[in-house]
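Visitor: The following file, my_file-v3.txt, comprises compact mmCIF, C-alpha atoms:
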```txt
# COMPACT_ATOMS: atom_id res chain seq x y z
CA MET Z 1 60.32 120.99 80.59
CA ALA Z 2 58.12 120.63 77.51
CA SER Z 3 54.86 118.71 77.89
CA ILE Z 4 53.38 116.02 75.68
CA THR Z 5 50.65 118.53 74.77
CA GLU Z 6 53.26 120.88 73.28
CA VAL Z 7 54.82 118.01 71.36
CA ALA Z 8 51.41 117.04 69.95
CA ARG Z 9 50.68 120.65 68.96
CA LEU Z 10 54.01 121.07 67.15
CA ALA Z 11 53.62 117.74 65.36
CA GLY Z 12 50.00 118.45 64.43
CA VAL Z 13 48.63 115.27 66.02
CA SER Z 14 46.44 114.39 68.97
CA VAL Z 15 47.91 114.11 72.46
CA ALA Z 16 47.03 110.41 72.46
CA THR Z 17 48.98 109.80 69.26
CA ALA Z 18 51.99 111.75 70.49
CA SER Z 19 51.92 109.82 73.76
CA ARG Z 20 51.79 106.49 71.95
CA VAL Z 21 54.79 107.38 69.82
CA VAL Z 22 57.07 108.65 72.59
CA SER Z 23 56.11 105.80 74.92
CA GLU Z 24 56.81 103.26 72.15
CA ALA Z 25 53.38 101.75 72.67
CA ASP Z 26 52.34 98.82 70.51
CA TYR Z 27 49.82 100.85 68.51
CA PRO Z 28 49.64 101.36 64.72
CA VAL Z 29 51.01 104.78 63.72
CA SER Z 30 52.23 105.63 60.23
CA ALA Z 31 55.97 106.06 59.72
CA ALA Z 32 55.50 109.69 58.64
CA THR Z 33 53.42 110.53 61.72
CA ARG Z 34 55.90 108.77 64.01
CA GLU Z 35 58.82 110.69 62.53
CA ARG Z 36 56.94 113.99 62.84
CA VAL Z 37 56.24 113.36 66.53
CA LEU Z 38 59.83 112.35 67.24
CA ASP Z 39 61.14 115.43 65.43
CA ALA Z 40 58.86 117.61 67.54
CA ALA Z 41 60.01 115.88 70.74
CA ARG Z 42 63.66 116.46 69.84
CA ALA Z 43 63.02 120.09 68.92
CA LEU Z 44 61.33 120.73 72.26
CA ASP Z 45 63.82 118.59 74.21
CA TYR Z 46 60.89 116.58 75.51
CA VAL Z 47 61.65 113.91 78.13
CA PRO Z 48 58.87 111.40 78.98
CA ASN Z 49 57.85 111.32 82.63
CA ALA Z 50 59.05 107.89 83.71
CA LEU Z 51 57.20 108.11 87.02
CA ALA Z 52 53.89 108.92 85.37
CA ARG Z 53 54.36 106.12 82.85
CA GLY Z 54 55.28 103.78 85.66
CA LEU Z 55 52.12 104.61 87.56
CA LEU Z 56 50.09 103.65 84.50
CA LYS Z 57 51.99 100.37 84.07
CA SER Z 58 52.27 99.65 87.81
CA ARG Z 59 56.07 99.88 87.56
CA ILE Z 60 58.80 102.32 86.57
CA PRO Z 61 61.92 101.49 84.49
CA VAL Z 62 64.21 101.07 87.49
CA VAL Z 63 66.22 97.99 88.41
CA GLY Z 64 67.40 97.69 91.99
CA VAL Z 65 70.55 95.58 92.42
CA ILE Z 66 71.13 94.51 96.01
CA VAL Z 67 74.78 93.79 96.77
CA HIS Z 68 76.60 93.16 100.02
CA ASP Z 69 79.25 95.83 99.49
CA ILE Z 70 79.69 97.89 96.32
CA THR Z 71 83.37 98.45 97.18
CA ASP Z 72 83.91 94.69 96.84
CA PRO Z 73 85.32 94.21 93.30
CA TYR Z 74 83.17 91.10 92.86
CA PHE Z 75 79.97 93.13 93.13
CA ALA Z 76 81.37 96.04 91.12
CA GLU Z 77 81.90 93.74 88.14
CA VAL Z 78 78.49 92.09 88.46
CA VAL Z 79 76.71 95.46 88.69
CA ARG Z 80 78.61 96.68 85.63
CA GLY Z 81 77.17 93.73 83.72
CA VAL Z 82 73.65 94.64 84.84
CA GLU Z 83 74.20 98.28 83.89
CA ASP Z 84 75.56 97.46 80.43
CA ALA Z 85 72.46 95.41 79.60
CA ALA Z 86 69.92 97.63 81.37
CA THR Z 87 71.12 100.91 79.87
CA ALA Z 88 70.74 99.54 76.36
CA SER Z 89 67.11 98.72 77.20
CA GLY Z 90 66.30 102.09 78.75
CA TYR Z 91 66.36 101.07 82.42
CA LEU Z 92 67.99 102.91 85.30
CA VAL Z 93 70.05 100.80 87.71
CA ILE Z 94 70.11 101.61 91.42
CA THR Z 95 72.74 99.79 93.50
CA CYS Z 96 71.90 99.06 97.13
CA SER Z 97 74.67 97.94 99.53
CA SER Z 98 73.20 95.88 102.37
CA GLU Z 99 76.51 95.41 104.24
CA ARG Z 100 75.17 91.91 104.97
CA ASP Z 101 72.70 93.48 107.37
CA ALA Z 102 69.27 91.81 107.28
CA GLU Z 103 67.25 94.87 108.27
CA ARG Z 104 69.05 97.04 105.75
CA GLU Z 105 68.39 94.54 102.97
CA SER Z 106 64.74 94.33 103.96
CA SER Z 107 64.40 98.12 103.95
CA TYR Z 108 65.81 98.28 100.41
CA VAL Z 109 63.28 95.73 99.18
CA ARG Z 110 60.44 97.64 100.84
CA LEU Z 111 61.61 100.86 99.19
CA LEU Z 112 61.93 99.28 95.75
CA ARG Z 113 58.45 97.85 96.14
CA SER Z 114 57.00 101.21 97.21
CA MET Z 115 58.54 103.02 94.22
CA ARG Z 116 57.21 100.32 91.87
CA ALA Z 117 60.61 99.32 90.53
CA ALA Z 118 60.45 97.07 87.49
CA ALA Z 119 62.93 94.56 88.89
CA VAL Z 120 65.09 93.66 91.84
CA ILE Z 121 68.25 91.61 91.32
CA PHE Z 122 69.93 90.01 94.33
CA ALA Z 123 73.60 89.94 93.34
CA GLY Z 124 74.79 88.69 96.73
CA SER Z 125 74.18 85.47 98.59
CA GLY Z 126 71.07 85.05 100.67
CA LEU Z 127 71.44 85.69 104.40
CA ASP Z 128 70.34 83.02 106.83
CA ASP Z 129 68.31 85.38 109.00
CA PRO Z 130 64.87 84.17 110.23
CA ALA Z 131 63.28 87.62 110.40
CA LEU Z 132 64.51 88.58 106.94
CA ASN Z 133 63.44 85.30 105.40
CA GLU Z 134 59.98 85.70 106.91
CA GLU Z 135 59.46 89.24 105.64
CA LEU Z 136 61.05 89.12 102.17
CA PRO Z 137 58.53 86.73 100.56
CA LYS Z 138 55.69 89.13 101.33
CA HIS Z 139 57.32 92.05 99.53
CA LEU Z 140 58.74 90.01 96.67
CA GLY Z 141 55.41 88.25 96.16
CA ALA Z 142 53.64 91.61 95.95
CA MET Z 143 56.21 92.87 93.44
CA ARG Z 144 55.74 89.79 91.26
CA GLU Z 145 51.94 90.20 91.37
CA ALA Z 146 52.39 93.77 90.13
CA GLY Z 147 54.40 92.49 87.18
CA ALA Z 148 57.90 93.15 88.49
CA ALA Z 149 60.79 90.71 88.08
CA VAL Z 150 62.80 89.19 90.93
CA VAL Z 151 66.13 87.56 90.11
CA HIS Z 152 68.74 85.86 92.30
CA LEU Z 153 72.35 85.39 91.20
CA SER Z 154 73.40 83.35 94.22
CA PRO Z 155 71.91 80.72 96.56
CA HIS Z 156 69.23 81.92 98.97
CA ALA Z 157 66.63 80.67 101.42
CA PHE Z 158 63.78 80.34 98.92
CA GLY Z 159 65.30 78.08 96.29
CA GLU Z 160 67.92 77.92 93.60
CA PRO Z 161 69.18 81.10 91.91
CA GLU Z 162 67.84 81.92 88.45
CA ILE Z 163 71.33 82.73 87.13
CA SER Z 164 74.23 81.01 88.84
CA VAL Z 165 77.62 79.35 88.84
CA ASP Z 166 78.44 76.00 90.39
CA ASN Z 167 80.18 77.18 93.55
CA ALA Z 168 80.79 73.71 94.95
CA ARG Z 169 82.21 72.33 91.71
CA GLY Z 170 84.42 75.39 91.30
CA ILE Z 171 86.02 75.01 94.73
CA ALA Z 172 86.35 71.25 94.28
CA SER Z 173 88.19 71.89 91.03
CA MET Z 174 90.65 74.22 92.74
CA VAL Z 175 91.26 71.61 95.44
CA ALA Z 176 91.91 69.09 92.66
CA ALA Z 177 94.40 71.47 91.04
CA LEU Z 178 96.26 71.89 94.34
CA VAL Z 179 96.30 68.12 94.86
CA GLU Z 180 97.71 67.70 91.36
CA LEU Z 181 100.54 70.04 92.35
CA GLY Z 182 101.30 67.68 95.22
CA HIS Z 183 99.49 69.30 98.15
CA ARG Z 184 97.83 67.10 100.73
CA ASP Z 185 97.45 69.52 103.65
CA ILE Z 186 95.10 72.19 102.27
CA ALA Z 187 93.55 74.75 104.59
CA PHE Z 188 90.26 76.44 103.70
CA LEU Z 189 89.12 79.99 104.49
CA ALA Z 190 85.37 79.48 104.57
CA GLY Z 191 83.84 82.88 105.24
CA PRO Z 192 80.76 83.42 107.44
CA THR Z 193 78.30 80.59 108.07
CA SER Z 194 75.40 83.05 107.72
CA LEU Z 195 75.88 83.18 103.92
CA TYR Z 196 74.37 80.40 101.83
CA VAL Z 197 77.11 80.80 99.22
CA ALA Z 198 79.82 80.29 101.85
CA ARG Z 199 78.16 77.00 102.80
CA GLU Z 200 78.15 75.89 99.16
CA ARG Z 201 81.84 76.67 98.80
CA LEU Z 202 82.69 74.83 102.01
CA ALA Z 203 80.77 71.86 100.63
CA GLY Z 204 82.91 72.14 97.52
CA TYR Z 205 86.08 71.99 99.60
CA ARG Z 206 84.87 68.82 101.31
CA GLN Z 207 83.86 67.40 97.94
CA GLY Z 208 87.31 68.12 96.51
CA LEU Z 209 89.03 66.40 99.42
CA GLU Z 210 86.75 63.39 99.15
CA GLU Z 211 87.38 63.06 95.42
CA ALA Z 212 91.13 63.17 96.09
CA GLY Z 213 90.86 60.57 98.84
CA LEU Z 214 91.96 63.05 101.51
CA PRO Z 215 90.39 63.27 104.99
CA PHE Z 216 88.49 66.35 106.10
CA ASP Z 217 90.10 68.02 109.12
CA GLU Z 218 88.11 70.72 110.90
CA ARG Z 219 91.35 72.23 112.20
CA LEU Z 220 92.19 73.33 108.66
CA VAL Z 221 88.92 75.26 108.22
CA VAL Z 222 88.78 78.88 109.37
CA ARG Z 223 85.46 80.76 109.38
CA THR Z 224 85.88 84.53 109.20
CA THR Z 225 84.33 87.57 107.60
CA PHE Z 226 84.21 87.50 103.79
CA ASP Z 227 86.79 90.25 103.30
CA HIS Z 228 90.48 91.18 103.21
CA GLU Z 229 90.72 91.47 106.99
CA GLY Z 230 89.17 88.04 107.41
CA GLY Z 231 91.92 86.54 105.26
CA ALA Z 232 94.64 88.12 107.35
CA GLN Z 233 93.05 86.94 110.60
CA ALA Z 234 92.66 83.44 109.20
CA VAL Z 235 96.41 83.23 108.51
CA ASP Z 236 97.12 84.11 112.13
CA THR Z 237 94.68 81.41 113.25
CA LEU Z 238 96.27 78.77 111.05
CA LEU Z 239 99.82 79.66 112.07
CA ALA Z 240 98.83 79.55 115.71
CA GLY Z 241 97.36 76.07 115.32
CA GLU Z 242 99.13 72.74 115.52
CA ARG Z 243 97.93 71.40 112.17
CA PRO Z 244 100.54 71.84 109.40
CA PHE Z 245 99.46 73.01 105.96
CA THR Z 246 101.16 73.68 102.64
CA ALA Z 247 98.31 75.44 100.81
CA ILE Z 248 95.43 77.81 101.53
CA CYS Z 249 92.27 77.67 99.43
CA ALA Z 250 89.97 80.64 100.05
CA ALA Z 251 86.22 80.95 99.43
CA ASN Z 252 86.73 84.29 97.67
CA ASP Z 253 89.54 86.44 96.31
CA LEU Z 254 89.37 89.07 99.05
CA LEU Z 255 90.10 86.40 101.66
CA ALA Z 256 92.98 85.08 99.56
CA LEU Z 257 94.42 88.56 98.98
CA GLY Z 258 94.23 89.28 102.71
CA ALA Z 259 96.06 86.02 103.35
CA LEU Z 260 98.74 86.93 100.79
CA GLN Z 261 99.37 90.28 102.43
CA ARG Z 262 99.53 88.82 105.92
CA LEU Z 263 101.93 86.05 104.87
CA ALA Z 264 104.16 88.63 103.19
CA SER Z 265 104.23 90.78 106.34
CA LEU Z 266 105.30 87.72 108.34
CA GLY Z 267 108.04 86.85 105.89
CA VAL Z 268 106.37 83.61 104.76
CA ASP Z 269 107.29 82.87 101.15
CA VAL Z 270 104.40 82.41 98.72
CA PRO Z 271 104.40 80.01 96.97
CA GLY Z 272 107.71 78.58 98.21
CA ALA Z 273 106.45 77.81 101.72
CA VAL Z 274 102.68 78.12 101.28
CA SER Z 275 100.53 78.21 98.16
CA VAL Z 276 97.45 80.48 98.16
CA ALA Z 277 94.38 80.27 95.89
CA GLY Z 278 91.16 82.27 95.75
CA PHE Z 279 87.75 82.17 94.06
CA ASP Z 280 86.08 84.74 91.72
CA ASP Z 281 89.02 86.13 89.67
CA VAL Z 282 88.28 89.78 90.32
CA ARG Z 283 90.47 92.11 88.25
CA ILE Z 284 92.98 92.80 91.01
CA ALA Z 285 93.73 89.07 91.39
CA SER Z 286 96.10 89.08 88.42
CA MET Z 287 97.81 92.26 89.66
CA SER Z 288 98.75 91.10 93.17
CA ALA Z 289 102.31 90.12 94.04
CA PRO Z 290 102.50 87.22 93.52
CA SER Z 291 99.60 87.05 91.07
CA LEU Z 292 96.73 85.07 92.57
CA SER Z 293 95.68 81.62 91.44
CA THR Z 294 91.89 81.49 91.54
CA VAL Z 295 88.67 80.14 90.08
CA ARG Z 296 87.42 82.43 87.36
CA LEU Z 297 83.73 83.36 87.36
CA PRO Z 298 82.15 85.27 84.43
CA LEU Z 299 81.11 88.14 86.71
CA ASN Z 300 80.11 90.66 84.05
CA GLU Z 301 78.11 88.03 82.21
CA LEU Z 302 76.46 87.01 85.48
CA GLY Z 303 75.06 90.52 85.83
CA ARG Z 304 74.12 90.80 82.17
CA ARG Z 305 72.28 87.47 82.20
CA GLY Z 306 70.52 88.52 85.39
CA PHE Z 307 69.04 91.57 83.69
CA GLU Z 308 68.15 89.57 80.58
CA TYR Z 309 66.22 87.15 82.79
CA ALA Z 310 64.37 90.11 84.35
CA LEU Z 311 63.63 91.52 80.90
CA ASP Z 312 62.08 88.22 79.82
CA VAL Z 313 59.81 88.31 82.86
CA LEU Z 314 58.80 91.90 82.17
CA ALA Z 315 58.02 91.06 78.54
CA ASP Z 316 55.92 88.02 79.57
CA ARG Z 317 58.42 85.68 77.93
CA GLU Z 318 59.34 82.39 79.54
CA PRO Z 319 62.77 82.98 81.11
CA SER Z 320 65.40 80.26 81.28
CA THR Z 321 67.61 79.54 84.26
CA VAL Z 322 71.30 79.65 83.40
CA HIS Z 323 74.32 77.94 84.96
CA LEU Z 324 77.53 79.68 83.89
CA PRO Z 325 80.91 77.92 83.62
CA THR Z 326 83.93 78.40 85.89
CA GLU Z 327 87.58 77.64 85.27
CA VAL Z 328 90.68 77.23 87.40
CA VAL Z 329 93.37 79.81 86.69
CA LEU Z 330 96.83 78.97 88.06
CA ARG Z 331 99.17 81.90 88.52
CA ASP Z 332 102.27 82.62 90.62
CA SER Z 333 100.74 82.16 94.10
CA THR Z 334 100.63 78.37 93.77
CA SER Z 335 103.35 75.79 93.22
CA PRO Z 336 104.23 72.29 94.40
CA PRO Z 337 104.67 72.04 98.18
CA PRO Z 338 108.08 72.87 99.71
CA ALA Z 339 109.45 69.32 99.42
CA VAL Z 340 109.26 69.61 95.60
CA PRO Z 341 111.60 72.00 93.75
CA VAL Z 342 109.84 75.05 92.19
CA THR Z 343 110.81 75.64 88.57
CA GLY Z 344 109.39 77.59 85.67
CA ARG Z 345 106.56 79.19 87.66
CA GLN Z 346 107.25 82.90 87.38
CA GLY Z 347 104.93 84.93 85.19
CA THR Z 348 102.85 81.96 84.09
CA GLU Z 349 99.11 81.55 83.86
CA ARG Z 350 97.34 78.31 82.98
CA THR Z 351 93.61 77.70 82.71
CA VAL Z 352 91.71 74.48 83.19
CA ALA Z 353 88.02 74.26 82.25
CA THR Z 354 85.95 72.96 85.16
CA THR Z 355 82.22 73.26 84.44
CA ALA Z 356 80.02 73.74 81.43
```
Could you write out this file's structure as structure tokens?
Guide:
Amino acid sequence: MASITEVARLAGVSVATASRVVSEADYPVSAATRERVLDAARALDYVPNALARGLLKSRIPVVGVIVHDITDPYFAEVVRGVEDAATASGYLVITCSSERDAERESSYVRLLRSMRAAAVIFAGSGLDDPALNEELPKHLGAMREAGAAVVHLSPHAFGEPEISVDNARGIASMVAALVELGHRDIAFLAGPTSLYVARERLAGYRQGLEEAGLPFDERLVVRTTFDHEGGAQAVDTLLAGERPFTAICAANDLLALGALQRLASLGVDVPGAVSVAGFDDVRIASMSAPSLSTVRLPLNELGRRGFEYALDVLADREPSTVHLPTEVVLRDSTSPPPAVPVTGRQGTERTVATTA
């Protein structure tokens, strides 16, 4: 690979001048000289050494995005948003799947710190793990002192996220939509208690019931893993219980999709016998059979705004926290409860704005 010395020689300038041009340093260089250096770099196929530049600046142009599971379509869409924004700014994105394991998440943060990454973006919810929450501040504090950016897109142990959606209001709005359809016995698939975001969404379910004047019944709440299998298991739990229900509201789309599949395998008609609603509006939600009613989150924008926040920090600009809107999307998986005739529901989609 060509060196900066060879570029300088071909362009007829000093090494310092050539380095300033290719590194886009804020240093006065004439337009003619700049063009001559860039032409020489292209002719020699010169690629700046990002690691060397990073050592000089105490960070390299790498953004680590920590997700719970990259195969989860929620995280895939968020990471795509980060990548779209980061690539345009010349940053490399590294995705780290923690599998909701505290030690694994901690090891990723240590590694990103050691390689002097420019930013770390936590796309997933914080984990309520004492050891993790004791160790993380040390590494994140050191990264911030070195000029790196740390951004959270979901609730965590150390405060509010920098870029977020109103999880509680979003769930409460879905509960309100189900109540408007006529449902009064609404079960909730809450996900794991170890996730701060799951707690927020459970709070939203309670808030929605309270606003509708409905009592909270613990028997209608099922806490499982935050995935497809958890949704299927939750259906079995609900059907084995004594508490009747006409609708299932899930804390994410994977839970709802797992519930849909399990109900179908048991011959339970959706939405004729039971309505099912999710939260996130991942792409597959509209392609399920029946199509899934859900709360739409701007996932790609969430990732893009997360990187923009990091970029403001890196440029010593004052970043602004952002709260993104959600909206209820009613599709074919929800209808009035069985006592009310179902008409005109097939193939429809309606949206209701919920937060600004």
Visitor: For segment 235-354 of chain Z versus segment 65-78 of chain Z, which residues have an atom no more than 7 Å away, and what is each residue's nearest atom pair and distance in Å rounded to one decimal, using all atoms listed in the file, chain-then-number order, as CSV?
Guide:
```
residue,atom,partner,partner_atom,distance
Z:Val282,CA,Z:Tyr74,CA,5.9
Z:Leu299,CA,Z:Val78,CA,5.1
Z:Asn300,CA,Z:Val78,CA,4.9
Z:Leu302,CA,Z:Val78,CA,6.2
Z:Gly303,CA,Z:Val78,CA,4.6
```
Visitor: Could the residues of segment 148-221 of chain Z that have an atom at most 6 Å from segment 319-342 of chain Z be listed as a Markdown table, each with its closest atom pair and the distance in Å to one decimal, counting all atoms listed in the file and ordered by chain and ascending residue number?
Guide:
```
| residue | atom | partner | partner_atom | distance |
| --- | --- | --- | --- | --- |
| Z:Glu162 | CA | Z:Thr321 | CA | 4.8 |
| Z:Ile163 | CA | Z:Val322 | CA | 4.8 |
| Z:Ser164 | CA | Z:His323 | CA | 4.9 |
| Z:Val165 | CA | Z:Leu324 | CA | 5.0 |
| Z:Leu181 | CA | Z:Pro336 | CA | 4.8 |
| Z:Gly182 | CA | Z:Pro336 | CA | 5.5 |
| Z:His183 | CA | Z:Pro337 | CA | 5.9 |
```
Visitor: If you measure from atom CA of Gly231 of chain Z to atom CA of Ser106 of chain Z, what distance in Å do you get, rounded to one decimal?
Guide: 28.3 Å
Visitor: Could you check the closest approach to Ala172 of chain Z for each of Z:Gly204, Z:Gly191, Z:Gly141, Z:Pro61 and tell me which residue wins, using only C-alpha atoms?
Guide: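 Result for the nearest residue to Ala172 of chain Z: Z:Gly204.
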Visitor: How many Å separate atom CA of Pro130 of chain Z from atom CA of Ser154 of chain Z?
Guide: 18.2 Å
Visitor: Hey, can you check how far atom CA of Pro290 of chain Z sits from atom CA of Gln261 of chain Z?
Guide: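 Taking atom CA of Pro290 of chain Z as the start and atom CA of Gln261 of chain Z as the end point, the length is 9.9 Å.
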Visitor: Of the candidates Z:Ala247, Z:Ala203, Z:Ile94, Z:Val47, which shows the shortest atom-to-atom distance to Gly272 of chain Z, using all atoms listed in the file?
Guide: Z:Ala247
